[in-house]
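Below is my_file-v8.txt, which holds compact mmCIF, C-alpha atoms.
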```
# COMPACT_ATOMS: atom_id res chain seq x y z
CA MET A 254 73.12 12.61 -29.93
CA ASN A 255 75.80 14.04 -27.60
CA LYS A 256 75.67 13.72 -23.81
CA GLU A 257 74.08 17.17 -23.30
CA GLN A 258 71.29 16.40 -25.84
CA SER A 259 70.69 13.04 -24.22
CA VAL A 260 70.28 14.62 -20.78
CA LYS A 261 67.92 17.28 -22.19
CA SER A 262 65.82 14.60 -23.92
CA ALA A 263 65.55 12.54 -20.74
CA TYR A 264 64.63 15.71 -18.81
CA ARG A 265 61.89 16.57 -21.37
CA THR A 266 60.50 13.02 -21.22
CA ALA A 267 60.45 13.07 -17.42
CA THR A 268 58.75 16.50 -17.42
CA MET A 269 56.08 15.32 -19.87
CA LEU A 270 55.51 12.19 -17.80
CA LEU A 271 55.12 14.24 -14.61
CA CYS A 272 52.68 16.60 -16.37
CA ALA A 273 50.63 13.66 -17.62
CA ILE A 274 50.50 12.16 -14.10
CA ALA A 275 49.59 15.54 -12.62
CA LEU A 276 46.85 16.12 -15.20
CA SER A 277 45.34 12.69 -14.71
CA SER A 278 45.32 13.06 -10.92
CA CYS A 279 43.90 16.60 -11.11
CA GLY A 280 41.05 15.57 -13.42
CA GLY A 281 37.39 16.07 -12.51
CA PRO A 282 35.37 13.80 -10.31
CA GLU A 283 34.89 10.23 -11.39
CA GLU A 284 31.89 9.95 -13.70
CA ASP A 285 28.79 8.04 -12.62
CA LYS A 286 28.60 4.49 -13.91
CA LEU A 287 25.45 3.94 -15.94
CA ARG A 288 23.83 0.52 -15.86
CA SER A 289 20.69 -0.99 -17.34
CA VAL A 290 19.11 -3.76 -15.30
CA GLN A 291 18.32 -6.58 -17.70
CA SER A 292 16.87 -9.15 -15.34
CA PHE A 293 15.37 -8.52 -11.98
CA GLU A 294 14.76 -12.03 -10.68
CA PHE A 295 16.95 -12.58 -7.65
CA ALA A 296 18.59 -15.70 -9.01
CA SER A 297 19.36 -14.23 -12.44
CA CYS A 298 19.68 -10.52 -11.64
CA ASN A 299 21.96 -8.91 -14.18
CA SER A 300 22.93 -5.41 -15.24
CA ALA A 301 25.14 -4.12 -18.05
CA PRO A 302 26.63 -0.76 -19.06
CA THR A 303 23.87 1.33 -20.62
CA THR A 304 24.04 1.69 -24.40
CA ASP A 305 20.33 1.85 -25.27
CA ALA A 306 19.43 5.36 -26.52
CA THR A 307 16.11 5.44 -24.63
CA HIS A 308 17.81 4.43 -21.39
CA LEU A 309 20.46 7.11 -21.87
CA GLU A 310 17.74 9.75 -22.39
CA ALA A 311 15.94 8.53 -19.26
CA ILE A 312 19.19 8.80 -17.29
CA LYS A 313 19.75 12.34 -18.55
CA ALA A 314 16.24 13.34 -17.43
CA PHE A 315 16.89 11.73 -14.03
CA GLN A 316 20.27 13.41 -13.63
CA ASP A 317 18.80 16.85 -14.44
CA GLU A 318 15.70 16.58 -12.24
CA MET A 319 17.09 14.55 -9.37
CA HIS A 320 20.84 14.21 -9.15
CA HIS A 321 21.87 17.75 -10.12
CA LYS A 322 18.90 19.36 -8.39
CA TYR A 323 19.29 17.82 -4.92
CA PHE A 324 22.99 16.85 -4.68
CA VAL A 325 26.16 18.95 -4.65
CA ARG A 326 29.28 17.27 -6.04
CA ARG A 327 32.63 18.05 -4.39
CA LYS A 328 35.56 15.98 -5.60
CA ASP A 329 34.30 12.38 -5.40
CA SER A 330 31.53 12.98 -2.85
CA GLU A 331 27.90 14.01 -3.12
CA PHE A 332 26.43 16.27 -0.41
CA VAL A 333 22.78 16.67 0.59
CA ALA A 334 21.21 19.14 3.00
CA ASN A 335 18.95 17.91 5.81
CA HIS A 336 16.54 20.72 6.65
CA GLU A 337 14.75 19.35 9.71
CA ALA A 338 12.31 21.01 12.10
CA GLY A 339 15.04 21.66 14.68
CA SER A 340 18.51 23.10 14.19
CA SER A 341 20.26 20.34 16.15
CA ALA A 342 18.77 17.69 13.82
CA SER A 343 19.52 19.65 10.63
CA GLY A 344 22.85 19.30 8.88
CA VAL A 345 24.63 17.74 5.94
CA ARG A 346 25.01 14.20 4.60
CA GLU A 347 28.00 13.11 2.55
CA TYR A 348 27.88 10.14 0.18
CA GLU A 349 30.94 8.37 -1.14
CA GLY A 350 31.08 6.55 -4.46
CA PRO A 351 31.45 4.76 -6.68
CA PHE A 352 28.14 6.18 -7.88
CA TYR A 353 25.99 4.01 -10.09
CA VAL A 354 22.84 5.02 -11.96
CA TYR A 355 20.60 1.99 -12.57
CA VAL A 356 17.74 2.03 -15.06
CA HIS A 357 15.04 -0.51 -14.24
CA PRO A 358 12.65 -0.48 -17.24
CA ARG A 359 9.17 -1.54 -16.17
CA LYS A 360 5.65 -1.96 -17.48
CA LEU A 361 3.37 1.04 -17.50
CA ASP A 362 0.54 0.83 -15.01
CA LYS A 363 -3.02 1.45 -16.17
CA LEU A 364 -3.10 5.04 -14.94
CA GLU A 365 0.16 5.84 -16.76
CA GLU A 366 -1.24 4.28 -19.95
CA ARG A 367 -4.40 6.40 -19.66
CA GLN A 368 -2.21 9.47 -19.17
CA GLY A 369 -0.58 8.75 -22.52
CA PHE A 370 2.88 7.62 -21.40
CA ASP A 371 4.53 5.12 -23.72
CA TRP A 372 7.64 4.06 -21.75
CA ALA A 373 8.53 3.88 -18.05
CA ALA A 374 11.44 3.06 -15.79
CA THR A 375 12.40 3.54 -12.20
CA VAL A 376 15.87 5.06 -12.10
CA PHE A 377 18.07 4.74 -9.00
CA LEU A 378 21.24 6.53 -7.93
CA HIS A 379 23.43 4.25 -5.79
CA ALA A 380 26.32 5.12 -3.47
CA ALA A 381 28.65 3.05 -1.33
CA LYS A 382 29.09 4.95 1.96
CA VAL A 383 27.34 7.68 3.94
CA ARG A 384 28.15 9.85 6.92
CA SER A 385 26.27 12.79 8.44
CA ARG A 386 27.05 15.91 10.42
CA ALA A 387 24.38 17.71 12.43
CA ASN A 388 24.75 21.48 12.90
CA GLY A 389 27.54 22.28 15.35
CA GLN A 390 28.67 18.65 15.57
CA ASP A 391 31.52 16.61 14.12
CA TRP A 392 31.06 14.17 11.26
CA GLY A 393 29.67 10.78 12.32
CA ASP A 394 31.19 7.47 11.26
CA TRP A 395 31.11 6.25 7.68
CA ASN A 396 28.49 3.55 7.13
CA SER A 397 27.63 1.40 4.16
CA VAL A 398 24.42 2.70 2.61
CA ARG A 399 21.64 0.17 3.12
CA THR A 400 18.86 -0.67 0.74
CA ARG A 401 15.20 0.26 1.19
CA ASN A 402 14.07 -1.33 -2.08
CA PHE A 403 16.01 -4.45 -2.98
CA ALA A 404 15.37 -6.74 -0.08
CA VAL A 405 15.43 -10.48 0.33
CA ALA A 406 12.17 -12.23 1.18
CA GLY A 407 10.51 -8.94 2.01
CA ARG A 408 13.12 -7.83 4.51
CA THR A 409 15.77 -5.22 3.96
CA VAL A 410 19.07 -6.70 4.98
CA GLU A 411 22.42 -4.97 5.05
CA GLY A 412 24.94 -6.46 2.68
CA LEU A 413 22.49 -8.60 0.76
CA GLY A 414 19.83 -7.30 -1.58
CA ARG A 415 20.52 -7.75 -5.29
CA TRP A 416 24.20 -8.24 -4.61
CA LYS A 417 24.82 -9.99 -7.86
CA CYS A 418 23.95 -7.03 -10.05
CA LEU A 419 23.58 -3.91 -7.93
CA ILE A 420 26.57 -2.17 -6.36
CA GLY A 421 26.05 -0.05 -3.23
CA ALA A 422 22.54 1.00 -2.30
CA GLU A 423 20.07 3.62 -3.45
CA ILE A 424 20.28 7.24 -2.26
CA ALA A 425 17.70 8.67 -4.68
CA TRP A 426 15.13 7.23 -7.04
CA ALA A 427 12.35 8.40 -9.33
CA ASP A 428 9.81 7.22 -11.83
CA VAL A 429 10.96 8.37 -15.28
CA LEU A 430 8.24 8.35 -17.95
CA ARG A 431 8.12 9.24 -21.65
CA GLU A 432 5.18 10.69 -23.58
CA ASN A 433 5.69 11.51 -27.25
CA GLY A 434 9.40 12.06 -26.70
CA GLN A 435 8.87 14.29 -23.64
CA TRP A 436 10.29 13.14 -20.32
CA THR A 437 8.57 13.37 -16.95
CA VAL A 438 10.48 12.66 -13.72
CA LYS A 439 8.50 11.89 -10.57
CA PRO A 440 10.82 11.98 -7.53
CA LEU A 441 10.21 9.15 -5.05
CA ALA A 442 13.09 9.57 -2.60
CA VAL A 443 16.16 11.72 -2.04
CA SER A 444 18.60 10.80 0.70
CA VAL A 445 16.58 10.04 3.88
CA TYR A 446 13.46 11.73 2.49
CA GLU A 447 10.51 10.23 0.64
CA SER A 448 7.51 11.71 -1.15
CA GLU A 449 6.43 15.06 0.34
CA GLU A 450 9.46 15.18 2.66
CA ILE A 451 11.85 15.48 -0.31
CA ARG A 452 11.48 19.26 0.00
CA ARG A 453 13.63 18.95 3.17
CA ALA A 454 16.67 18.43 0.91
CA LEU A 455 16.32 21.91 -0.60
CA PRO A 456 18.03 24.30 -0.81
CA THR A 457 21.17 22.28 -1.46
CA PRO A 458 24.04 22.91 0.97
CA SER A 459 26.37 25.85 0.35
CA ARG A 460 30.15 25.52 0.42
CA SER A 461 30.17 27.01 3.96
CA GLN A 462 27.55 24.54 5.12
CA ILE A 463 29.46 21.62 3.62
CA GLU A 464 32.59 22.82 5.40
CA GLY A 465 30.68 23.18 8.68
CA LYS A 466 31.26 26.93 8.92
CA GLU A 467 27.55 27.73 8.66
CA SER A 468 24.46 25.96 9.99
CA VAL A 469 21.91 24.37 7.69
CA GLU A 470 18.56 26.15 7.95
CA THR A 471 15.55 24.49 9.60
CA LEU A 472 12.31 23.86 7.73
CA MET B 823 59.76 -28.13 36.98
CA ARG B 824 59.59 -27.41 33.28
CA PRO B 825 58.87 -23.74 32.41
CA VAL B 826 55.88 -24.66 30.19
CA LEU B 827 54.21 -26.56 33.02
CA LEU B 828 54.95 -23.72 35.43
CA VAL B 829 53.35 -21.18 33.07
CA ALA B 830 50.29 -23.44 32.66
CA ILE B 831 49.87 -23.74 36.42
CA VAL B 832 50.25 -19.97 36.90
CA LEU B 833 47.71 -19.25 34.15
CA THR B 834 45.28 -21.75 35.68
CA LEU B 835 45.65 -20.11 39.07
CA VAL B 836 45.13 -16.66 37.56
CA GLY B 837 41.97 -17.97 35.87
CA CYS B 838 40.71 -19.44 39.14
CA THR B 839 41.31 -16.26 41.09
CA LYS B 840 39.71 -13.84 38.61
CA GLU B 841 37.66 -11.32 40.52
CA LEU B 842 35.02 -8.81 39.55
CA ASN B 843 35.76 -5.17 40.17
CA GLU B 844 34.05 -1.97 39.10
CA LYS B 845 36.47 -1.39 36.21
CA ASN B 846 36.20 -4.82 34.57
CA VAL B 847 32.42 -4.97 35.05
CA ARG B 848 32.07 -1.52 33.47
CA GLU B 849 34.17 -2.72 30.51
CA PHE B 850 31.96 -5.77 30.19
CA VAL B 851 28.80 -3.59 30.15
CA ASP B 852 30.45 -1.33 27.53
CA ASP B 853 31.20 -4.40 25.41
CA ALA B 854 27.62 -5.64 25.81
CA ASP B 855 26.23 -2.28 24.68
CA HIS B 856 28.61 -2.32 21.72
CA ALA B 857 27.57 -5.87 20.75
CA TYR B 858 23.92 -4.79 20.81
CA LEU B 859 24.48 -1.69 18.67
CA ALA B 860 26.66 -3.62 16.22
CA GLY B 861 24.05 -6.39 15.99
CA HIS B 862 26.64 -9.05 16.88
CA ALA B 863 24.17 -11.78 17.81
CA ALA B 864 26.88 -14.33 18.67
CA ASP B 865 28.47 -11.95 21.18
CA ILE B 866 25.06 -11.03 22.61
CA CYS B 867 24.38 -14.73 23.22
CA ALA B 868 27.85 -15.46 24.60
CA MET B 869 27.44 -12.68 27.16
CA ARG B 870 24.44 -14.47 28.74
CA SER B 871 24.67 -17.49 31.04
CA ASP B 872 22.90 -20.74 30.12
CA ASP B 873 20.30 -20.07 32.80
CA PHE B 874 19.91 -16.38 31.89
CA LYS B 875 16.48 -14.86 32.51
CA PHE B 876 15.17 -11.58 31.15
CA THR B 877 12.03 -10.02 32.56
CA GLY B 878 10.74 -6.78 31.19
CA SER B 879 7.75 -4.52 31.77
CA THR B 880 6.95 -1.90 29.15
CA PHE B 881 4.59 1.02 29.72
CA LYS B 882 3.37 2.73 26.53
CA LEU B 883 2.89 6.43 27.15
CA ALA B 884 1.07 9.18 25.24
CA GLU B 885 -0.19 6.76 22.58
CA GLY B 886 -1.19 8.42 19.33
CA ARG B 887 0.90 11.51 20.07
CA ILE B 888 4.42 12.64 19.20
CA VAL B 889 6.21 14.18 22.17
CA ASN B 890 9.68 15.60 22.76
CA ASP B 891 10.81 13.78 25.90
CA LEU B 892 9.86 11.57 28.84
CA GLN B 893 8.51 14.45 30.92
CA GLU B 894 6.14 15.51 28.15
CA ALA B 895 5.16 11.88 27.52
CA MET B 896 4.23 11.40 31.19
CA ARG B 897 2.31 14.67 31.32
CA VAL B 898 0.36 13.87 28.13
CA ASP B 899 -0.25 10.33 29.35
CA ASP B 900 -1.66 11.62 32.67
CA GLU B 901 -4.04 13.89 30.74
CA GLN B 902 -5.11 11.05 28.42
CA ARG B 903 -5.77 8.60 31.26
CA GLY B 904 -7.53 10.96 33.61
CA GLY B 905 -6.50 9.03 36.71
CA ARG B 906 -6.92 5.50 35.33
CA ARG B 907 -4.12 3.03 36.11
CA VAL B 908 -1.28 2.47 33.66
CA THR B 909 -0.81 -1.14 32.55
CA ALA B 910 2.38 -2.69 31.28
CA GLN B 911 3.24 -5.38 28.76
CA VAL B 912 5.29 -7.98 30.61
CA VAL B 913 7.68 -10.43 28.96
CA SER B 914 9.84 -13.16 30.39
CA ILE B 915 12.53 -14.70 28.18
CA ASN B 916 15.10 -17.44 28.78
CA ALA B 917 18.61 -17.59 27.30
CA GLN B 918 17.57 -19.61 24.25
CA ASP B 919 14.76 -17.25 23.29
CA TYR B 920 16.95 -14.22 24.01
CA CYS B 921 19.57 -15.57 21.59
CA ARG B 922 16.93 -16.37 18.96
CA MET B 923 15.59 -12.83 19.27
CA ALA B 924 19.12 -11.40 18.85
CA ILE B 925 19.68 -13.45 15.69
CA GLU B 926 16.34 -12.45 14.17
CA GLU B 927 16.50 -8.78 15.16
CA ARG B 928 20.21 -8.07 14.72
CA ALA B 929 19.69 -5.97 11.59
CA LEU B 930 17.28 -3.74 13.48
CA TYR B 931 19.66 -3.42 16.45
CA ARG B 932 22.11 -1.70 14.08
CA ARG B 933 19.54 0.98 13.37
CA VAL B 934 18.90 2.13 16.92
CA SER B 935 20.71 4.82 18.86
CA LEU B 936 21.49 4.04 22.48
CA VAL B 937 22.67 6.37 25.23
CA ARG B 938 23.45 5.12 28.73
CA THR B 939 22.78 7.97 31.11
CA ASP B 940 23.50 6.21 34.40
CA LEU B 941 25.54 3.20 35.54
CA GLN B 942 25.94 1.99 39.11
CA ILE B 943 27.95 -1.13 39.89
CA THR B 944 27.83 -2.94 43.22
CA ILE B 945 30.37 -5.73 43.75
CA ALA B 946 29.43 -8.56 46.13
CA PRO B 947 31.82 -9.08 49.10
CA ASP B 948 33.11 -12.35 47.61
CA LYS B 949 33.83 -10.46 44.32
CA LYS B 950 32.16 -13.24 42.34
CA GLN B 951 29.02 -11.32 41.49
CA ALA B 952 28.08 -7.76 40.59
CA THR B 953 24.77 -5.97 40.40
CA VAL B 954 24.57 -3.43 37.61
CA ARG B 955 21.89 -0.75 37.55
CA ALA B 956 21.70 1.37 34.40
CA HIS B 957 19.42 3.79 32.63
CA TYR B 958 19.23 3.67 28.85
CA VAL B 959 17.63 5.99 26.30
CA GLU B 960 17.05 4.14 23.06
CA LYS B 961 15.61 5.52 19.83
CA ALA B 962 14.41 3.02 17.25
CA PRO B 963 12.77 3.50 13.85
CA GLN B 964 9.27 2.25 13.07
CA TYR B 965 8.69 0.98 9.55
CA GLY B 966 5.86 0.45 7.11
CA TYR B 967 6.25 -1.49 3.86
CA GLY B 968 4.71 -0.73 0.48
CA GLY B 969 4.65 -2.70 -2.77
CA SER B 970 7.41 -2.30 -5.35
CA SER B 971 6.65 -1.42 -8.97
CA LEU B 972 9.66 -3.51 -9.99
CA SER B 973 9.08 -6.90 -8.48
CA ALA B 974 6.39 -8.73 -6.56
CA GLN B 975 9.01 -10.22 -4.26
CA ASP B 976 10.21 -6.82 -3.06
CA GLN B 977 8.74 -4.26 -0.74
CA VAL B 978 9.75 -0.64 -0.31
CA GLU B 979 10.56 0.33 3.26
CA HIS B 980 9.15 3.58 4.65
CA GLN B 981 10.11 5.00 8.02
CA LEU B 982 6.90 5.95 9.82
CA GLY B 983 8.43 7.39 12.94
CA THR B 984 10.78 6.94 15.86
CA VAL B 985 10.05 5.30 19.20
CA GLN B 986 11.98 6.32 22.28
CA THR B 987 12.34 3.82 25.10
CA GLU B 988 13.68 4.83 28.50
CA THR B 989 14.70 1.80 30.50
CA ASP B 990 15.85 1.22 34.05
CA GLU B 991 17.73 -2.08 34.10
CA GLU B 992 19.06 -4.18 36.93
CA SER B 993 21.37 -7.01 35.87
CA VAL B 994 23.44 -9.55 37.71
CA VAL B 995 26.92 -10.26 36.32
CA THR B 996 28.98 -13.31 37.26
CA LEU B 997 31.84 -15.39 35.88
CA ASN B 998 30.97 -18.58 34.02
CA ARG B 999 32.85 -21.88 34.09
CA ASP B 1000 35.40 -20.52 31.59
CA GLY B 1001 36.08 -17.46 33.73
CA LYS B 1002 34.22 -15.16 31.32
CA PHE B 1003 31.79 -12.44 32.36
CA VAL B 1004 28.12 -13.23 31.76
CA PHE B 1005 24.77 -11.73 32.62
CA THR B 1006 22.73 -14.21 34.63
CA SER B 1007 19.62 -12.04 34.81
CA THR B 1008 18.25 -8.72 33.66
CA HIS B 1009 15.13 -7.03 34.94
CA ALA B 1010 13.98 -4.04 32.90
CA ILE B 1011 11.24 -1.47 33.39
CA SER B 1012 10.65 0.62 30.26
CA LYS B 1013 8.62 3.65 29.29
CA GLN B 1014 7.97 3.92 25.57
CA PHE B 1015 6.63 6.81 23.49
CA ARG B 1016 6.86 8.33 20.00
CA VAL B 1017 9.24 11.23 19.34
CA PRO B 1018 9.98 13.31 16.21
CA LYS B 1019 11.43 11.16 13.44
CA GLU B 1020 15.14 10.45 13.80
CA ARG B 1021 16.90 9.75 10.52
CA ASP B 1022 18.73 6.51 9.86
CA SER B 1023 22.49 6.99 9.75
CA ARG B 1024 22.76 4.37 6.97
CA LEU B 1025 20.55 6.21 4.48
```

Take the structure in this file and express it as structure tokens.
Amino acid sequence: MNKEQSVKSAYRTATMLLCAIALSSCGGPEEDKLRSVQSFEFASCNSAPTTDATHLEAIKAFQDEMHHKYFVRRKDSEFVANHEAGSSASGVREYEGPFYVYVHPRKLDKLEERQGFDWAATVFLHAAKVRSRANGQDWGDWNSVRTRNFAVAGRTVEGLGRWKCLIGAEIAWADVLRENGQWTVKPLAVSVYESEEIRRALPTPSRSQIEGKESVETL
Amino acid sequence: MRPVLLVAIVLTLVGCTKELNEKNVREFVDDADHAYLAGHAADICAMRSDDFKFTGSTFKLAEGRIVNDLQEAMRVDDEQRGGRRVTAQVVSINAQDYCRMAIEERALYRRVSLVRTDLQITIAPDKKQATVRAHYVEKAPQYGYGGSSLSAQDQVEHQLGTVQTETDEESVVTLNRDGKFVFTSTHAISKQFRVPKERDSRL
């Protein structure tokens, strides 16, 4: 290899390396981490990456009916609309990852058994940080999301909860049930909203609303 | 005289001659508000003297109704009472109980919003004491708890509403033995009513 060939080869290698770096940094948003909760006792709480086929199907049902329906993904953030009664209270919430989806398999209750369901879980979407922006205002400070479900001794406490096996805190959850291979998702909470108030998260925020160029509608 | 000794004497003299003025008292009140909102129980305690006394009277207005502001709360309350006298819940707390309350309630302090709409500081002629009069508008969530389908030891928190408390406070600020600012007393008169639900910034 003469000197000119050697320089060309080094140039090609450097170019390929730069392309690889550029491609990896320009990739899509980081994928959600899927976890199955294996033990729920506080002392022995444990979760592991989900491999069980039923759990994966339950997660897919949850993602379709909850995550993709109510949240808008931009880069590595999830955005939710807050359609409140007044314009000054309405706005947008931004959640920062890492995002974890936790499957908590549970026993069917008697009503669910009578309805013919044969498998049940409560599935939770967790995030690390949250900030909000009311219409016409600037973004507020980033805060750690706090738990409403996984308390200690009946009290919700920031920074504690099931710290050994759950990362972040829940921003949406739903009962996910199976009946003869068909999946039913019953939303329980989305962002700040629970039960009948979940409708306040729809429609999802537009690009202009996320960027603060347009107000979020009242409801 | 050795320089180290000289510096020590100067620092001691500076400590002895520390005086209260409007600026440093205002900063102290700002710090106290911040400690409350951040739920820093140790700071909340350290900012009270050993003989600190809190007395508070709370008037509950427009009970059973959701109103938009204090004016509406007072108007609705007048209509509900039809001329009957308003009664207040009165509490009196010493420094120890105030600290215990801060430790127990610190997580809830982080969930309130607090706006100070007025602050008047009067410095005593000897500059050793200040009287601070302030008006605060605080919004705090009210919670209910339901059972969890996952575990008997857990409960699911539900926000039921938001309570707004408008408080006129009069506090006395002095310097303690270490030359640090402390509240020696706070007297508060509050009007409390329910307002449209305000969402938690941590959810």

Please identify all polymer residues within 8 Å of B:Gly969, counting only C-alpha atoms, omitting same-chain residues fewer than 6 positions from it, and present them as a PDB file with C-alpha atoms, in the coordinates of the input.
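Below is the file out_26.pdb, written as the result:
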```pdb
ATOM      1  CA  ASP B 976      10.210  -6.820  -3.060  1.00  0.00           C
ATOM      2  CA  GLN B 977       8.740  -4.260  -0.740  1.00  0.00           C
ATOM      3  CA  VAL B 978       9.750  -0.640  -0.310  1.00  0.00           C
TER       4      VAL B 978
END
```

> Which residues, written as an NGL selection string, have at least one atom at most 8 Å from B:Gln1014, with only C-alpha atoms counted and residues fewer than 5 positions away on the same chain left out?
Replying inline: :B and (880-883 or 985-988)

> Could you list, as a count of residues only, every residue of chain B that has an atom within 9 Å of an atom of chain A, counting only C-alpha atoms?
Replying inline: 18

>> Can you pull out the residues contacting A:Asn388? Cut-off 10 Å, using only C-alpha atoms, and skip same-chain residues under 3 positions away; I want them as number ranges by chain.
In response: A: 335, 339-345, 385, 391-392, 462, 465-470

What does the file look like for those residues with C-alpha atoms, as a CSV table (one decimal), in the coordinates of the input?
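Result saved to selection.csv:
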```
chain,number,residue,atom,x,y,z
A,335,ASN,CA,19.0,17.9,5.8
A,339,GLY,CA,15.0,21.7,14.7
A,340,SER,CA,18.5,23.1,14.2
A,341,SER,CA,20.3,20.3,16.2
A,342,ALA,CA,18.8,17.7,13.8
A,343,SER,CA,19.5,19.6,10.6
A,344,GLY,CA,22.8,19.3,8.9
A,345,VAL,CA,24.6,17.7,5.9
A,385,SER,CA,26.3,12.8,8.4
A,391,ASP,CA,31.5,16.6,14.1
A,392,TRP,CA,31.1,14.2,11.3
A,462,GLN,CA,27.6,24.5,5.1
A,465,GLY,CA,30.7,23.2,8.7
A,466,LYS,CA,31.3,26.9,8.9
A,467,GLU,CA,27.6,27.7,8.7
A,468,SER,CA,24.5,26.0,10.0
A,469,VAL,CA,21.9,24.4,7.7
A,470,GLU,CA,18.6,26.2,8.0
```

> What lies within 8 Å of B:His1009 using all atoms listed in the file, ignoring chain neighbours under 4 positions off, as a PyMOL selection string?
Replying inline: chain B and resi 876-878+991-993

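From atom CA of A:Val429 back to atom CA of B:Lys1019, the distance works out to 28.9 Å.
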